[in-house]
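Reviewing the structure listed below.
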Amino acid sequence: MHIPCVLTIAGSDPSGGAGIQADLKTFSALGAYGASVITALTAQNTCGVRSVEAVSREFIAAQLDAVLDDLDIRAAKIGMVADPLVVEMLADRLQQRRPRWVVLDPVLVAKSGDALVNDAAIQSVAEHLVPLADIITPNLHEAAVLLGERRLIGRSDMPEVARELRARGAKAVLIKGGALEGQACDDLLVSDAGEQWLCAPRIETDNLHGTGCSMSSAITARLANDLPLSQAVVEAREWLLGALRASDQLNVGKGRGPVHHFHALW
């Protein structure tokens with residue numbers, strides 16, 4: 001049995017529900033060995049973020065080189081990167097020593113619509129990381145800002161926006177529709193195979209901490225296990241829906257709790 005090595009490049013969440021911690025749990029749950037490069041240290045919990053300490057570009061590069069010098073990384077997931085110079089360094093390193101799969105979760109705008117990084121970082125991600133990725137997984141807000149817009153797109157806009165993102169270099173685009181109104185939670189995958197709507201009823205839970213991180217990491221793990229892109233996305237989404245349904249079993253924290261990453265195991 002071959003267990004692939006996968007890498008997450010993202011920030012740390014000490015409460016364990018998002019960022020590096022969520023990524024490593026997801027990798028483990030879906031049959032991959034996880035390594036990590038930490039881009040930022042956060043003081044946060046299920047109630048919110050209290051403080052953020054950025055990791056220097058030099059030390060991020062040192063972490064990345066240490067991992068790539070030793071481990072055979074099959075797939076890499078890139079999460080939140082707030083410094084344009086770090087974005088450029090990551091793009092340069094990963095172009096030189098590219099894993100088979102690169103998944104970009106462009107953590108730019110919160111579900112609320114609040115910006116998480118500045119305009120320079122958004123532009124740098126769009127210019128350097130979007131063309132590098134085999135698939136990008138923006139939410140509705142992030143899909144718009146990657147195109148230089150500030151409006152919240154709706155379901156009818158999603159195909160056009162996804163096609164425009166592909167025209168700007170993304171090989172495949174999964175626009176997550178969690179912010180859509182109503183009882184449906186519809187995502188759209190656009191790739192060389194065409195357009196594929198992935199639809200499901202909305203799961204009524206407040207335990208949404210780390211859902212975006214976990215979704216992109218699940219796709220990364222499934223791709224690393226040699227699934228075709230469309231199947232990897234479908235299976236990752238089904239796993240996340242199960243993790244959301246089982247999230248109440250955990251009873252973690254006083255705010256928005258995490259999903260149950262190991263719902264299929266315990």
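FYI, nothing fancy with the structure tokens labels: chains A, B, ... in order, residues from 1 per chain, ligands from 1 as they appear.
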Filtered DSSP result for stretch 105-217 of chain A, state helix (DSSP H, G or I), as a VMD selection string
chain A and resid 119 to 129 140 to 146 155 to 167 211 to 217
Which polymer residues have any atom within 12 Å of an atom of A:Asp72, counting only C-alpha atoms, with same-chain residues fewer than 6 positions away left out, as a count of residues only? 14
Which residues of stretch 58-118 of chain A come within 6 Å of stretch 128-139 of chain A, and for each one, what is the closest pair of atoms and their distance in Å to one decimal, counting only C-alpha atoms, sorted by chain and residue number, as JSON lines?
{"residue": "A:Val102", "atom": "CA", "partner": "A:Ala133", "partner_atom": "CA", "distance": 4.9}
{"residue": "A:Val103", "atom": "CA", "partner": "A:Ile135", "partner_atom": "CA", "distance": 5.2}
{"residue": "A:Leu104", "atom": "CA", "partner": "A:Ile136", "partner_atom": "CA", "distance": 4.6}
{"residue": "A:Asp105", "atom": "CA", "partner": "A:Thr137", "partner_atom": "CA", "distance": 5.0}
{"residue": "A:Pro106", "atom": "CA", "partner": "A:Pro138", "partner_atom": "CA", "distance": 5.8}
Using N, CA, C and O atoms, can you write the selected residues to a file as a PDB file, in the first residue's frame?
ATOM      1  N   VAL A 102      -0.887  20.896  -7.332  1.00  0.00           N
ATOM      2  CA  VAL A 102      -0.895  22.081  -6.485  1.00  0.00           C
ATOM      3  C   VAL A 102      -2.340  22.559  -6.355  1.00  0.00           C
ATOM      4  O   VAL A 102      -3.018  22.805  -7.355  1.00  0.00           O
ATOM      5  N   VAL A 103      -2.797  22.662  -5.118  1.00  0.00           N
ATOM      6  CA  VAL A 103      -4.157  23.122  -4.816  1.00  0.00           C
ATOM      7  C   VAL A 103      -4.037  24.464  -4.099  1.00  0.00           C
ATOM      8  O   VAL A 103      -3.302  24.586  -3.115  1.00  0.00           O
ATOM      9  N   LEU A 104      -4.744  25.464  -4.589  1.00  0.00           N
ATOM     10  CA  LEU A 104      -4.705  26.798  -3.988  1.00  0.00           C
ATOM     11  C   LEU A 104      -6.061  27.121  -3.369  1.00  0.00           C
ATOM     12  O   LEU A 104      -7.073  27.168  -4.063  1.00  0.00           O
ATOM     13  N   ASP A 105      -6.052  27.319  -2.049  1.00  0.00           N
ATOM     14  CA  ASP A 105      -7.223  27.835  -1.350  1.00  0.00           C
ATOM     15  C   ASP A 105      -6.941  29.312  -1.075  1.00  0.00           C
ATOM     16  O   ASP A 105      -6.280  29.646  -0.096  1.00  0.00           O
ATOM     17  N   PRO A 106      -7.403  30.211  -1.934  1.00  0.00           N
ATOM     18  CA  PRO A 106      -7.017  31.622  -1.820  1.00  0.00           C
ATOM     19  C   PRO A 106      -7.750  32.305  -0.671  1.00  0.00           C
ATOM     20  O   PRO A 106      -8.801  32.919  -0.851  1.00  0.00           O
TER      21      PRO A 106
END
Query raised in the report: So which bits of stretch 38-201 of chain A end up strand (DSSP E) when you DSSP the backbone, as a PyMOL selection string?
Result: chain A and resi 38-45+48-54+73-78+101-104+135-136+173-175+187-191+194-198
Would you write out those residues with C-alpha atoms, as a JSON list (two decimals), in the first residue's frame?
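The file below, part-v2.json, is the result:
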[["chain", "number", "residue", "atom", "x", "y", "z"],
["A", 38, "ILE", "CA", 3.80, 27.48, 8.66],
["A", 39, "THR", "CA", 3.32, 30.97, 7.20],
["A", 40, "ALA", "CA", 1.78, 32.67, 10.25],
["A", 41, "LEU", "CA", 1.12, 32.08, 13.93],
["A", 42, "THR", "CA", -2.32, 33.03, 15.16],
["A", 43, "ALA", "CA", -3.87, 33.40, 18.59],
["A", 44, "GLN", "CA", -7.40, 32.27, 17.87],
["A", 45, "ASN", "CA", -10.16, 29.96, 19.00],
["A", 48, "GLY", "CA", -12.38, 34.59, 16.81],
["A", 49, "VAL", "CA", -8.85, 35.68, 16.00],
["A", 50, "ARG", "CA", -7.04, 37.67, 18.69],
["A", 51, "SER", "CA", -3.60, 38.19, 17.19],
["A", 52, "VAL", "CA", -1.45, 37.21, 14.22],
["A", 53, "GLU", "CA", 2.35, 36.97, 13.97],
["A", 54, "ALA", "CA", 3.75, 36.59, 10.46],
["A", 73, "ILE", "CA", 5.70, 15.47, -1.96],
["A", 74, "ARG", "CA", 2.94, 14.26, -4.26],
["A", 75, "ALA", "CA", 0.57, 17.19, -3.73],
["A", 76, "ALA", "CA", 0.74, 20.59, -2.04],
["A", 77, "LYS", "CA", -2.03, 22.82, -0.72],
["A", 78, "ILE", "CA", -1.45, 26.55, -0.30],
["A", 101, "TRP", "CA", -0.58, 18.56, -7.86],
["A", 102, "VAL", "CA", -0.89, 22.08, -6.48],
["A", 103, "VAL", "CA", -4.16, 23.12, -4.82],
["A", 104, "LEU", "CA", -4.71, 26.80, -3.99],
["A", 135, "ILE", "CA", -7.26, 23.81, -8.98],
["A", 136, "ILE", "CA", -8.28, 26.86, -6.96],
["A", 173, "VAL", "CA", -11.86, 26.30, -10.50],
["A", 174, "LEU", "CA", -14.16, 25.17, -7.69],
["A", 175, "ILE", "CA", -16.33, 28.08, -6.56],
["A", 187, "ASP", "CA", -20.64, 24.50, -5.61],
["A", 188, "LEU", "CA", -19.46, 24.76, -9.21],
["A", 189, "LEU", "CA", -16.46, 22.93, -10.67],
["A", 190, "VAL", "CA", -15.18, 24.16, -14.03],
["A", 191, "SER", "CA", -12.29, 22.31, -15.68],
["A", 194, "GLY", "CA", -16.66, 21.24, -18.60],
["A", 195, "GLU", "CA", -18.99, 22.59, -15.91],
["A", 196, "GLN", "CA", -20.21, 20.41, -13.06],
["A", 197, "TRP", "CA", -22.66, 21.58, -10.40],
["A", 198, "LEU", "CA", -22.30, 19.88, -7.03]]
Excluding same-chain residues fewer than 4 positions from A:Ile20, what lies within 10 Å of it counting only C-alpha atoms, as a PyMOL selection string? chain A and resi 7-14+16+24-26+34-40+79+210+213-214+217
If you count only C-alpha atoms, the residue of A:Gly212, A:Pro228, A:Gly182, A:Gly255 closest to A:Ala18 turns out to be A:Gly212
Exercise. One decimal, Å: what's the distance from atom CA of A:Leu85 over to atom CA of A:His141, could you say?
Key: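 A separation of 23.4 Å between them.
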